[in-house]
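Listing of input20.pdb, PDB, C-alpha atoms
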MODEL        1
ATOM      1  CA  TRP F  17     -11.985 -19.636  68.491  1.00  0.00           C
ATOM      2  CA  GLN F  18     -15.232 -19.265  70.524  1.00  0.00           C
ATOM      3  CA  ILE F  19     -18.239 -21.055  69.025  1.00  0.00           C
ATOM      4  CA  ILE F  20     -21.799 -19.635  69.552  1.00  0.00           C
ATOM      5  CA  ASP F  21     -24.243 -22.265  70.972  1.00  0.00           C
ATOM      6  CA  GLU F  22     -27.260 -21.352  68.720  1.00  0.00           C
ATOM      7  CA  LEU F  23     -25.469 -22.317  65.514  1.00  0.00           C
ATOM      8  CA  GLU F  24     -24.031 -25.567  64.332  1.00  0.00           C
ATOM      9  CA  PHE F  25     -20.637 -25.186  62.746  1.00  0.00           C
ATOM     10  CA  PHE F  26     -18.482 -27.398  60.699  1.00  0.00           C
ATOM     11  CA  ASN F  27     -14.905 -26.131  60.834  1.00  0.00           C
ATOM     12  CA  TRP F  28     -12.301 -27.159  58.340  1.00  0.00           C
ATOM     13  CA  ILE F  29      -8.823 -25.886  58.765  1.00  0.00           C
ATOM     14  CA  ASN F  30      -6.282 -26.214  55.973  1.00  0.00           C
ATOM     15  CA  ILE F  31      -2.783 -25.331  57.065  1.00  0.00           C
ATOM     16  CA  SER F  32       0.147 -25.095  54.695  1.00  0.00           C
ATOM     17  CA  SER F  33       3.515 -23.392  54.689  1.00  0.00           C
ATOM     18  CA  GLU F  34       2.077 -20.304  53.003  1.00  0.00           C
ATOM     19  CA  SER F  35      -1.620 -20.018  54.075  1.00  0.00           C
ATOM     20  CA  ILE F  36      -4.196 -20.916  56.730  1.00  0.00           C
ATOM     21  CA  THR F  37      -7.854 -21.107  55.700  1.00  0.00           C
ATOM     22  CA  LEU F  38     -10.839 -21.310  58.104  1.00  0.00           C
ATOM     23  CA  SER F  39     -14.239 -22.038  56.517  1.00  0.00           C
ATOM     24  CA  VAL F  40     -17.459 -21.687  58.563  1.00  0.00           C
ATOM     25  CA  PHE F  41     -20.857 -23.006  57.448  1.00  0.00           C
ATOM     26  CA  GLU F  42     -24.152 -22.020  59.127  1.00  0.00           C
ATOM     27  CA  SER F  43     -26.917 -24.683  59.011  1.00  0.00           C
ATOM     28  CA  ASP F  44     -30.085 -22.841  60.091  1.00  0.00           C
ATOM     29  CA  PHE F  45     -30.052 -19.869  57.751  1.00  0.00           C
ATOM     30  CA  GLY F  46     -28.683 -21.377  54.574  1.00  0.00           C
ATOM     31  CA  VAL F  47     -25.045 -21.613  53.886  1.00  0.00           C
ATOM     32  CA  GLN F  48     -22.675 -18.803  54.590  1.00  0.00           C
ATOM     33  CA  GLU F  49     -18.992 -19.195  54.027  1.00  0.00           C
ATOM     34  CA  GLU F  50     -16.348 -17.155  55.659  1.00  0.00           C
ATOM     35  CA  GLN F  51     -12.738 -17.553  54.838  1.00  0.00           C
ATOM     36  CA  ILE F  52      -9.876 -16.265  56.866  1.00  0.00           C
ATOM     37  CA  VAL F  53      -6.726 -16.494  54.872  1.00  0.00           C
ATOM     38  CA  TYR F  54      -3.368 -15.787  56.296  1.00  0.00           C
ATOM     39  CA  GLN F  55      -0.653 -15.212  53.703  1.00  0.00           C
ATOM     40  CA  ASN F  56       2.898 -15.554  54.814  1.00  0.00           C
ATOM     41  CA  SER F  57       4.561 -12.136  54.416  1.00  0.00           C
ATOM     42  CA  PHE F  58       7.968 -13.716  53.909  1.00  0.00           C
ATOM     43  CA  PRO F  59       8.414 -15.325  50.414  1.00  0.00           C
ATOM     44  CA  THR F  60      10.091 -18.679  50.259  1.00  0.00           C
ATOM     45  CA  LYS F  61      13.527 -19.191  48.744  1.00  0.00           C
ATOM     46  CA  GLU F  62      11.992 -20.851  45.686  1.00  0.00           C
ATOM     47  CA  SER F  63       9.710 -17.874  44.985  1.00  0.00           C
ATOM     48  CA  GLN F  64      12.611 -15.461  45.397  1.00  0.00           C
ATOM     49  CA  ASN F  65      14.679 -17.415  42.879  1.00  0.00           C
ATOM     50  CA  LEU F  66      11.745 -17.385  40.456  1.00  0.00           C
ATOM     51  CA  ILE F  67      11.430 -13.601  40.769  1.00  0.00           C
ATOM     52  CA  TYR F  68      15.156 -13.108  40.148  1.00  0.00           C
ATOM     53  CA  GLU F  69      15.152 -15.458  37.151  1.00  0.00           C
ATOM     54  CA  THR F  70      12.143 -13.690  35.609  1.00  0.00           C
ATOM     55  CA  LEU F  71      13.754 -10.286  36.115  1.00  0.00           C
ATOM     56  CA  LEU F  72      17.037 -11.509  34.625  1.00  0.00           C
ATOM     57  CA  LEU F  73      15.242 -12.921  31.581  1.00  0.00           C
ATOM     58  CA  LYS F  74      13.444  -9.619  31.024  1.00  0.00           C
ATOM     59  CA  ILE F  75      16.711  -7.674  31.250  1.00  0.00           C
ATOM     60  CA  CYS F  76      18.473 -10.054  28.844  1.00  0.00           C
ATOM     61  CA  PHE F  77      15.580  -9.857  26.392  1.00  0.00           C
ATOM     62  CA  MET F  78      15.609  -6.055  26.440  1.00  0.00           C
ATOM     63  CA  ILE F  79      19.381  -6.035  25.848  1.00  0.00           C
ATOM     64  CA  TRP F  80      19.009  -8.458  22.933  1.00  0.00           C
ATOM     65  CA  LEU F  81      16.075  -6.513  21.458  1.00  0.00           C
ATOM     66  CA  THR F  82      18.031  -3.252  21.671  1.00  0.00           C
ATOM     67  CA  GLY F  83      21.089  -4.806  20.016  1.00  0.00           C
ATOM     68  CA  PHE F  84      19.018  -6.502  17.320  1.00  0.00           C
ATOM     69  CA  PHE F  85      17.231  -3.346  16.205  1.00  0.00           C
ATOM     70  CA  THR F  86      20.399  -1.251  16.505  1.00  0.00           C
ATOM     71  CA  ILE F  87      22.290  -3.569  14.144  1.00  0.00           C
ATOM     72  CA  LEU F  88      19.338  -3.709  11.735  1.00  0.00           C
ATOM     73  CA  LEU F  89      19.271   0.084  11.761  1.00  0.00           C
ATOM     74  CA  LEU F  90      22.993   0.257  10.952  1.00  0.00           C
ATOM     75  CA  PHE F  91      22.639  -2.260   8.119  1.00  0.00           C
ATOM     76  CA  ASN F  92      19.639  -0.409   6.728  1.00  0.00           C
ATOM     77  CA  ARG F  93      21.521   2.897   6.909  1.00  0.00           C
ATOM     78  CA  LYS F  94      24.423   1.357   4.998  1.00  0.00           C
ATOM     79  CA  LYS F  95      22.057   0.003   2.353  1.00  0.00           C
ATOM     80  CA  ARG F  96      20.363   3.391   2.032  1.00  0.00           C
ATOM     81  CA  PHE F  97      23.785   5.003   1.662  1.00  0.00           C
ATOM     82  CA  PHE F  98      24.590   2.883  -1.418  1.00  0.00           C
ATOM     83  CA  LYS F  99      21.105   3.440  -2.845  1.00  0.00           C
ATOM     84  CA  ASN F 100      21.594   7.194  -2.587  1.00  0.00           C
ATOM     85  CA  ILE F 101      24.904   6.903  -4.446  1.00  0.00           C
ATOM     86  CA  ILE F 102      23.147   5.084  -7.299  1.00  0.00           C
ATOM     87  CA  MET F 103      20.336   7.651  -7.347  1.00  0.00           C
ATOM     88  CA  ASP F 104      22.834  10.498  -7.702  1.00  0.00           C
ATOM     89  CA  ALA F 105      24.970   8.650 -10.273  1.00  0.00           C
ATOM     90  CA  SER F 106      24.678   8.830 -14.053  1.00  0.00           C
ATOM     91  CA  LEU F 107      23.659   5.865 -16.193  1.00  0.00           C
ATOM     92  CA  LEU F 108      26.521   5.086 -18.546  1.00  0.00           C
ATOM     93  CA  ASN F 109      25.852   4.750 -22.256  1.00  0.00           C
ATOM     94  CA  ASP F 110      29.407   4.191 -23.430  1.00  0.00           C
ATOM     95  CA  CYS F 111      29.853   1.755 -26.333  1.00  0.00           C
ATOM     96  CA  ASN F 112      32.827  -0.031 -24.782  1.00  0.00           C
ATOM     97  CA  ILE F 113      31.145  -0.412 -21.395  1.00  0.00           C
ATOM     98  CA  ASN F 114      27.906  -1.627 -22.984  1.00  0.00           C
ATOM     99  CA  SER F 115      29.868  -4.159 -25.020  1.00  0.00           C
ATOM    100  CA  ILE F 116      31.622  -5.501 -21.906  1.00  0.00           C
ATOM    101  CA  ASN F 117      28.285  -5.565 -20.084  1.00  0.00           C
ATOM    102  CA  LYS F 118      26.652  -7.685 -22.791  1.00  0.00           C
ATOM    103  CA  LYS F 119      29.662  -9.996 -23.024  1.00  0.00           C
ATOM    104  CA  TRP F 120      29.645 -10.929 -19.333  1.00  0.00           C
ATOM    105  CA  LYS F 121      25.873 -11.259 -19.278  1.00  0.00           C
ATOM    106  CA  ARG F 122      26.164 -13.758 -22.119  1.00  0.00           C
ATOM    107  CA  ILE F 123      29.010 -15.660 -20.414  1.00  0.00           C
ATOM    108  CA  PHE F 124      27.152 -15.991 -17.111  1.00  0.00           C
ATOM    109  CA  GLY F 125      23.739 -16.543 -18.689  1.00  0.00           C
ATOM    110  CA  ILE F 126      22.135 -13.480 -17.131  1.00  0.00           C
ATOM    111  CA  LYS F 127      18.882 -12.393 -18.787  1.00  0.00           C
ATOM    112  CA  ARG F 128      17.989  -9.409 -16.615  1.00  0.00           C
ATOM    113  CA  HIS F 129      18.715  -5.834 -17.567  1.00  0.00           C
ATOM    114  CA  ILE F 130      21.743  -4.523 -15.682  1.00  0.00           C
ATOM    115  CA  GLY F 131      22.484  -0.824 -15.685  1.00  0.00           C
ATOM    116  CA  ILE F 132      25.962   0.514 -15.035  1.00  0.00           C
ATOM    117  CA  TYR F 133      26.210   3.816 -13.180  1.00  0.00           C
ATOM    118  CA  SER F 134      29.075   6.133 -12.361  1.00  0.00           C
ATOM    119  CA  SER F 135      29.873   9.166 -10.208  1.00  0.00           C
ATOM    120  CA  ASP F 136      32.731  10.630  -8.192  1.00  0.00           C
ATOM    121  CA  LYS F 137      30.988  10.260  -4.807  1.00  0.00           C
ATOM    122  CA  TYR F 138      32.419   6.820  -4.028  1.00  0.00           C
ATOM    123  CA  LEU F 139      35.776   5.244  -4.817  1.00  0.00           C
ATOM    124  CA  SER F 140      34.944   1.539  -4.899  1.00  0.00           C
ATOM    125  CA  PRO F 141      32.864  -0.509  -7.368  1.00  0.00           C
ATOM    126  CA  PHE F 142      29.819  -2.300  -5.979  1.00  0.00           C
ATOM    127  CA  THR F 143      26.593  -4.006  -7.014  1.00  0.00           C
ATOM    128  CA  ILE F 144      23.219  -3.332  -5.424  1.00  0.00           C
ATOM    129  CA  GLY F 145      19.763  -4.738  -6.002  1.00  0.00           C
ATOM    130  CA  ILE F 146      18.232  -8.224  -6.044  1.00  0.00           C
ATOM    131  CA  ILE F 147      15.520  -8.060  -8.719  1.00  0.00           C
ATOM    132  CA  ARG F 148      16.992  -5.178 -10.721  1.00  0.00           C
ATOM    133  CA  PRO F 149      20.718  -5.184  -9.982  1.00  0.00           C
ATOM    134  CA  LYS F 150      22.829  -2.146 -10.733  1.00  0.00           C
ATOM    135  CA  ILE F 151      26.601  -1.873 -11.001  1.00  0.00           C
ATOM    136  CA  PHE F 152      28.419   1.211  -9.784  1.00  0.00           C
ATOM    137  CA  LEU F 153      31.805   2.280 -11.173  1.00  0.00           C
ATOM    138  CA  PRO F 154      33.774   5.231  -9.778  1.00  0.00           C
ATOM    139  CA  ARG F 155      34.275   8.112 -12.167  1.00  0.00           C
ATOM    140  CA  ALA F 156      38.045   7.722 -11.800  1.00  0.00           C
ATOM    141  CA  ILE F 157      37.744   4.274 -13.422  1.00  0.00           C
ATOM    142  CA  THR F 158      35.380   5.127 -16.250  1.00  0.00           C
ATOM    143  CA  ASP F 159      37.397   8.201 -17.230  1.00  0.00           C
ATOM    144  CA  THR F 160      40.508   6.110 -17.889  1.00  0.00           C
ATOM    145  CA  ASN F 161      38.889   4.120 -20.720  1.00  0.00           C
ATOM    146  CA  ASP F 162      41.136   1.254 -19.624  1.00  0.00           C
ATOM    147  CA  LEU F 163      39.345  -1.711 -21.201  1.00  0.00           C
ATOM    148  CA  THR F 164      41.330  -4.269 -19.200  1.00  0.00           C
ATOM    149  CA  LEU F 165      40.395  -2.595 -15.935  1.00  0.00           C
ATOM    150  CA  LEU F 166      36.764  -2.199 -16.978  1.00  0.00           C
ATOM    151  CA  ASN F 167      36.607  -5.808 -18.161  1.00  0.00           C
ATOM    152  CA  SER F 168      37.940  -7.065 -14.825  1.00  0.00           C
ATOM    153  CA  ILE F 169      35.627  -4.982 -12.664  1.00  0.00           C
ATOM    154  CA  ILE F 170      32.443  -5.537 -14.650  1.00  0.00           C
ATOM    155  CA  GLY F 171      33.179  -9.265 -14.877  1.00  0.00           C
ATOM    156  CA  HIS F 172      33.656  -9.439 -11.100  1.00  0.00           C
ATOM    157  CA  GLU F 173      30.417  -7.574 -10.392  1.00  0.00           C
ATOM    158  CA  MET F 174      28.553  -9.757 -12.884  1.00  0.00           C
ATOM    159  CA  ALA F 175      29.765 -12.808 -10.953  1.00  0.00           C
ATOM    160  CA  HIS F 176      28.130 -11.351  -7.823  1.00  0.00           C
ATOM    161  CA  ILE F 177      24.885 -10.948  -9.741  1.00  0.00           C
ATOM    162  CA  LYS F 178      25.076 -14.487 -11.116  1.00  0.00           C
ATOM    163  CA  ARG F 179      25.475 -15.858  -7.587  1.00  0.00           C
ATOM    164  CA  SER F 180      22.637 -13.683  -6.188  1.00  0.00           C
ATOM    165  CA  ASP F 181      25.080 -12.392  -3.579  1.00  0.00           C
ATOM    166  CA  ALA F 182      22.870  -9.388  -2.813  1.00  0.00           C
ATOM    167  CA  LEU F 183      20.177 -11.760  -1.504  1.00  0.00           C
ATOM    168  CA  TRP F 184      22.597 -13.919   0.490  1.00  0.00           C
ATOM    169  CA  THR F 185      24.217 -10.824   1.962  1.00  0.00           C
ATOM    170  CA  GLN F 186      20.861  -9.632   3.286  1.00  0.00           C
ATOM    171  CA  LEU F 187      20.284 -13.044   4.863  1.00  0.00           C
ATOM    172  CA  GLN F 188      23.767 -12.933   6.382  1.00  0.00           C
ATOM    173  CA  PHE F 189      23.059  -9.501   7.885  1.00  0.00           C
ATOM    174  CA  LEU F 190      19.820 -10.802   9.414  1.00  0.00           C
ATOM    175  CA  ILE F 191      21.592 -13.770  11.036  1.00  0.00           C
ATOM    176  CA  GLN F 192      24.328 -11.485  12.370  1.00  0.00           C
ATOM    177  CA  ALA F 193      21.667  -9.209  13.871  1.00  0.00           C
ATOM    178  CA  LEU F 194      19.830 -12.146  15.494  1.00  0.00           C
ATOM    179  CA  PHE F 195      22.985 -13.628  17.031  1.00  0.00           C
ATOM    180  CA  PHE F 196      25.055 -10.479  17.468  1.00  0.00           C
ATOM    181  CA  PHE F 197      26.150 -11.527  20.964  1.00  0.00           C
ATOM    182  CA  TYR F 198      28.206 -14.456  19.576  1.00  0.00           C
ATOM    183  CA  PRO F 199      31.686 -13.318  18.454  1.00  0.00           C
ATOM    184  CA  ILE F 200      31.935 -16.396  16.218  1.00  0.00           C
ATOM    185  CA  VAL F 201      29.024 -15.031  14.145  1.00  0.00           C
ATOM    186  CA  TRP F 202      30.992 -11.881  13.272  1.00  0.00           C
ATOM    187  CA  PHE F 203      34.110 -13.893  12.541  1.00  0.00           C
ATOM    188  CA  ALA F 204      32.114 -16.226  10.280  1.00  0.00           C
ATOM    189  CA  GLY F 205      30.563 -13.204   8.542  1.00  0.00           C
ATOM    190  CA  ARG F 206      33.981 -11.788   7.765  1.00  0.00           C
ATOM    191  CA  GLN F 207      35.152 -15.152   6.417  1.00  0.00           C
ATOM    192  CA  LEU F 208      32.045 -15.395   4.238  1.00  0.00           C
ATOM    193  CA  ASN F 209      32.746 -11.961   2.783  1.00  0.00           C
ATOM    194  CA  LEU F 210      36.308 -12.957   1.893  1.00  0.00           C
ATOM    195  CA  ALA F 211      35.168 -16.286   0.438  1.00  0.00           C
ATOM    196  CA  ARG F 212      32.484 -14.536  -1.622  1.00  0.00           C
ATOM    197  CA  GLU F 213      35.033 -12.220  -3.220  1.00  0.00           C
ATOM    198  CA  GLY F 214      37.430 -15.094  -3.895  1.00  0.00           C
ATOM    199  CA  ILE F 215      34.740 -17.174  -5.591  1.00  0.00           C
ATOM    200  CA  CYS F 216      33.813 -14.267  -7.874  1.00  0.00           C
ATOM    201  CA  ASP F 217      37.486 -13.824  -8.803  1.00  0.00           C
ATOM    202  CA  GLN F 218      37.684 -17.504  -9.738  1.00  0.00           C
ATOM    203  CA  MET F 219      34.492 -17.272 -11.813  1.00  0.00           C
ATOM    204  CA  VAL F 220      36.001 -14.426 -13.839  1.00  0.00           C
ATOM    205  CA  LEU F 221      39.376 -16.090 -14.378  1.00  0.00           C
ATOM    206  CA  ARG F 222      38.126 -19.540 -15.342  1.00  0.00           C
ATOM    207  CA  ASN F 223      36.231 -18.116 -18.314  1.00  0.00           C
ATOM    208  CA  ASN F 224      39.584 -17.162 -19.890  1.00  0.00           C
ATOM    209  CA  GLN F 225      38.420 -13.675 -20.769  1.00  0.00           C
ATOM    210  CA  ILE F 226      41.298 -12.019 -18.944  1.00  0.00           C
ATOM    211  CA  GLN F 227      44.763 -13.106 -17.881  1.00  0.00           C
ATOM    212  CA  SER F 228      45.523 -13.663 -14.204  1.00  0.00           C
ATOM    213  CA  LYS F 229      48.296 -11.059 -14.203  1.00  0.00           C
ATOM    214  CA  GLN F 230      46.048  -8.410 -15.746  1.00  0.00           C
ATOM    215  CA  TYR F 231      43.284  -9.245 -13.290  1.00  0.00           C
ATOM    216  CA  ALA F 232      45.681  -8.971 -10.344  1.00  0.00           C
ATOM    217  CA  GLN F 233      46.887  -5.587 -11.619  1.00  0.00           C
ATOM    218  CA  SER F 234      43.272  -4.429 -11.803  1.00  0.00           C
ATOM    219  CA  ILE F 235      42.719  -5.428  -8.175  1.00  0.00           C
ATOM    220  CA  ILE F 236      45.835  -3.498  -7.153  1.00  0.00           C
ATOM    221  CA  GLN F 237      44.562  -0.436  -8.994  1.00  0.00           C
ATOM    222  CA  ILE F 238      41.252  -0.632  -7.106  1.00  0.00           C
ATOM    223  CA  LEU F 239      43.121  -0.893  -3.813  1.00  0.00           C
ATOM    224  CA  GLN F 240      45.185   2.146  -4.766  1.00  0.00           C
ATOM    225  CA  LEU F 241      42.020   4.058  -5.600  1.00  0.00           C
ATOM    226  CA  ASN F 242      40.435   3.149  -2.253  1.00  0.00           C
ATOM    227  CA  SER F 243      43.567   4.013  -0.288  1.00  0.00           C
ATOM    228  CA  PHE F 244      44.875   7.109  -2.060  1.00  0.00           C
ATOM    229  CA  GLY F 245      41.962   8.347  -4.167  1.00  0.00           C
ATOM    230  CA  SER F 246      43.914   7.780  -7.379  1.00  0.00           C
ATOM    231  CA  LEU F 247      44.699   4.891  -9.722  1.00  0.00           C
ATOM    232  CA  ASP F 248      48.310   6.054  -9.925  1.00  0.00           C
ATOM    233  CA  TRP F 249      50.826   4.870  -7.369  1.00  0.00           C
ATOM    234  CA  PRO F 250      51.531   7.984  -5.238  1.00  0.00           C
ATOM    235  CA  TYR F 251      55.128   7.018  -4.386  1.00  0.00           C
ATOM    236  CA  ALA F 252      56.278   6.372  -7.937  1.00  0.00           C
ATOM    237  CA  PRO F 253      59.617   8.088  -8.717  1.00  0.00           C
TER     238      PRO F 253
ENDMDL
END
Please lay out the structure from this file as structure tokens.
Amino acid sequence: WQIIDELEFFNWINISSESITLSVFESDFGVQEEQIVYQNSFPTKESQNLIYETLLLKICFMIWLTGFFTILLLFNRKKRFFKNIIMDASLLNDCNINSINKKWKRIFGIKRHIGIYSSDKYLSPFTIGIIRPKIFLPRAITDTNDLTLLNSIIGHEMAHIKRSDALWTQLQFLIQALFFFYPIVWFAGRQLNLAREGICDQMVLRNNQIQSKQYAQSIIQILQLNSFGSLDWPYAP
């Protein structure tokens, strides 16, 4: 650098691995500051690693966000599917079904109104709703007027309502959506579903309202209905 004689300069040079700064101060005409900054055009290894880590985190977050909302969408579609079945079903006003309904509500101490609906659009019983639960029975079941079968199914669905399983199922779905990338979460969800059904079976049987053999036969009939669309065994001679 060539310094002009008429001016007094104080030069301060700060040199680092990434920049060089030259500051010039003029004494006669006030203070003027000039900075010459040289930025190294080649990033260091540490900065490169930081860029890669940031990019990787963004990619992982986008993958997780996509999976999370996709699973929530699938769960919501499934829930809407069952709601539509209830909306298209008919509210049952049968004396026998109403009597069984009241009996299990009394046994489990349920005070809420519980409607029982039926149609031929779905072949498996289910319960939907947290505040106002509704029980669905396939038309193939209600048309039989089999009181043992109706007693078993309604008792089982009432056990779900007593345990607030609709609420816990929603929470389970949310956890599975949040941690969908862990296979153990899906395995645990399946085990919870099986345990939930087993607990409801035990709740029905321990009230001594139905014999174990009759209850088991009712379960087999439901499995037959789900598999073959009929309560009758298709391979009977």
(Q) Report, in Å to a single decimal, how far apart atom CA of Lys118 of chain F and atom CA of Gly171 of chain F are. (A)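 Answer for the atom CA of Gly171 of chain F to atom CA of Lys118 of chain F separation: 10.4 Å.
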Using the chain letters and numbering of this document, enumerate as a short mmCIF file (atom, residue, chain, number, x, y, z; two decimals) with C-alpha atoms, in the frame of the given file the residues selected by the PyMOL selection byres ((chain F and resi 237-243) around 12).
data_model
loop_
_atom_site.label_atom_id
_atom_site.label_comp_id
_atom_site.auth_asym_id
_atom_site.auth_seq_id
_atom_site.Cartn_x
_atom_site.Cartn_y
_atom_site.Cartn_z
CA ASP F 136 32.73 10.63 -8.19
CA TYR F 138 32.42 6.82 -4.03
CA LEU F 139 35.78 5.24 -4.82
CA SER F 140 34.94 1.54 -4.90
CA PRO F 141 32.86 -0.51 -7.37
CA PHE F 142 29.82 -2.30 -5.98
CA LEU F 153 31.80 2.28 -11.17
CA PRO F 154 33.77 5.23 -9.78
CA ARG F 155 34.28 8.11 -12.17
CA ALA F 156 38.04 7.72 -11.80
CA ILE F 157 37.74 4.27 -13.42
CA THR F 160 40.51 6.11 -17.89
CA ASP F 162 41.14 1.25 -19.62
CA THR F 164 41.33 -4.27 -19.20
CA LEU F 165 40.40 -2.60 -15.94
CA LEU F 166 36.76 -2.20 -16.98
CA SER F 168 37.94 -7.06 -14.82
CA ILE F 169 35.63 -4.98 -12.66
CA GLN F 230 46.05 -8.41 -15.75
CA TYR F 231 43.28 -9.24 -13.29
CA ALA F 232 45.68 -8.97 -10.34
CA GLN F 233 46.89 -5.59 -11.62
CA SER F 234 43.27 -4.43 -11.80
CA ILE F 235 42.72 -5.43 -8.18
CA ILE F 236 45.84 -3.50 -7.15
CA PHE F 244 44.88 7.11 -2.06
CA GLY F 245 41.96 8.35 -4.17
CA SER F 246 43.91 7.78 -7.38
CA LEU F 247 44.70 4.89 -9.72
CA ASP F 248 48.31 6.05 -9.93
CA TRP F 249 50.83 4.87 -7.37
CA PRO F 250 51.53 7.98 -5.24
CA TYR F 251 55.13 7.02 -4.39
#
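Comparing F:Gln227, F:Asn92, F:Ser135, F:Thr86 by their smallest distance to Asp104 of chain F, the closest is F:Ser135 (using only C-alpha atoms).
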**Q.** Interatomic distance, atom CA of Ile144 of chain F to atom CA of Phe124 of chain F (Å, one decimal)
**A.** 17.7 Å
Once you add 5 Å to each side, what are the centre and edge lengths of the axis-aligned box holding all listed atoms of segment 99-106 of chain F? One decimal in Å, as lines of an AutoDock Vina configuration file, if you can.
center_x = 22.7
center_y = 7.0
center_z = -8.3
size_x = 14.6
size_y = 17.1
size_z = 21.5
Q: Give me, please, the distance in Å between atom CA of Ile151 of chain F and atom CA of Ile132 of chain F, quoted to one decimal.
A: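 Going from atom CA of Ile151 of chain F over to atom CA of Ile132 of chain F, I get 4.7 Å.
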Q) Do you know which residues lie at most 12 Å from (20.8, -13.8, 17.4), with coordinates as in the file and all atoms listed in the file counted, and could you write them as a VMD selection string? A) chain F and resid 77 79 to 85 87 to 88 188 to 202
Q. Given the file above and the PyMOL selection byres ((chain F and resi 181) around 10), which residues are selected, and can you give them as a PyMOL selection string?
A. chain F and resi 143-146+173+175-180+182-187+209+212-213+216
Q.
Counting all atoms listed in the file, I want the residues whose atoms come within 10 Å of (33.4, -0.6, -25.6) in the file frame, returned as a ChimeraX atom specification.
A. /F:109-117,161-163,166-167
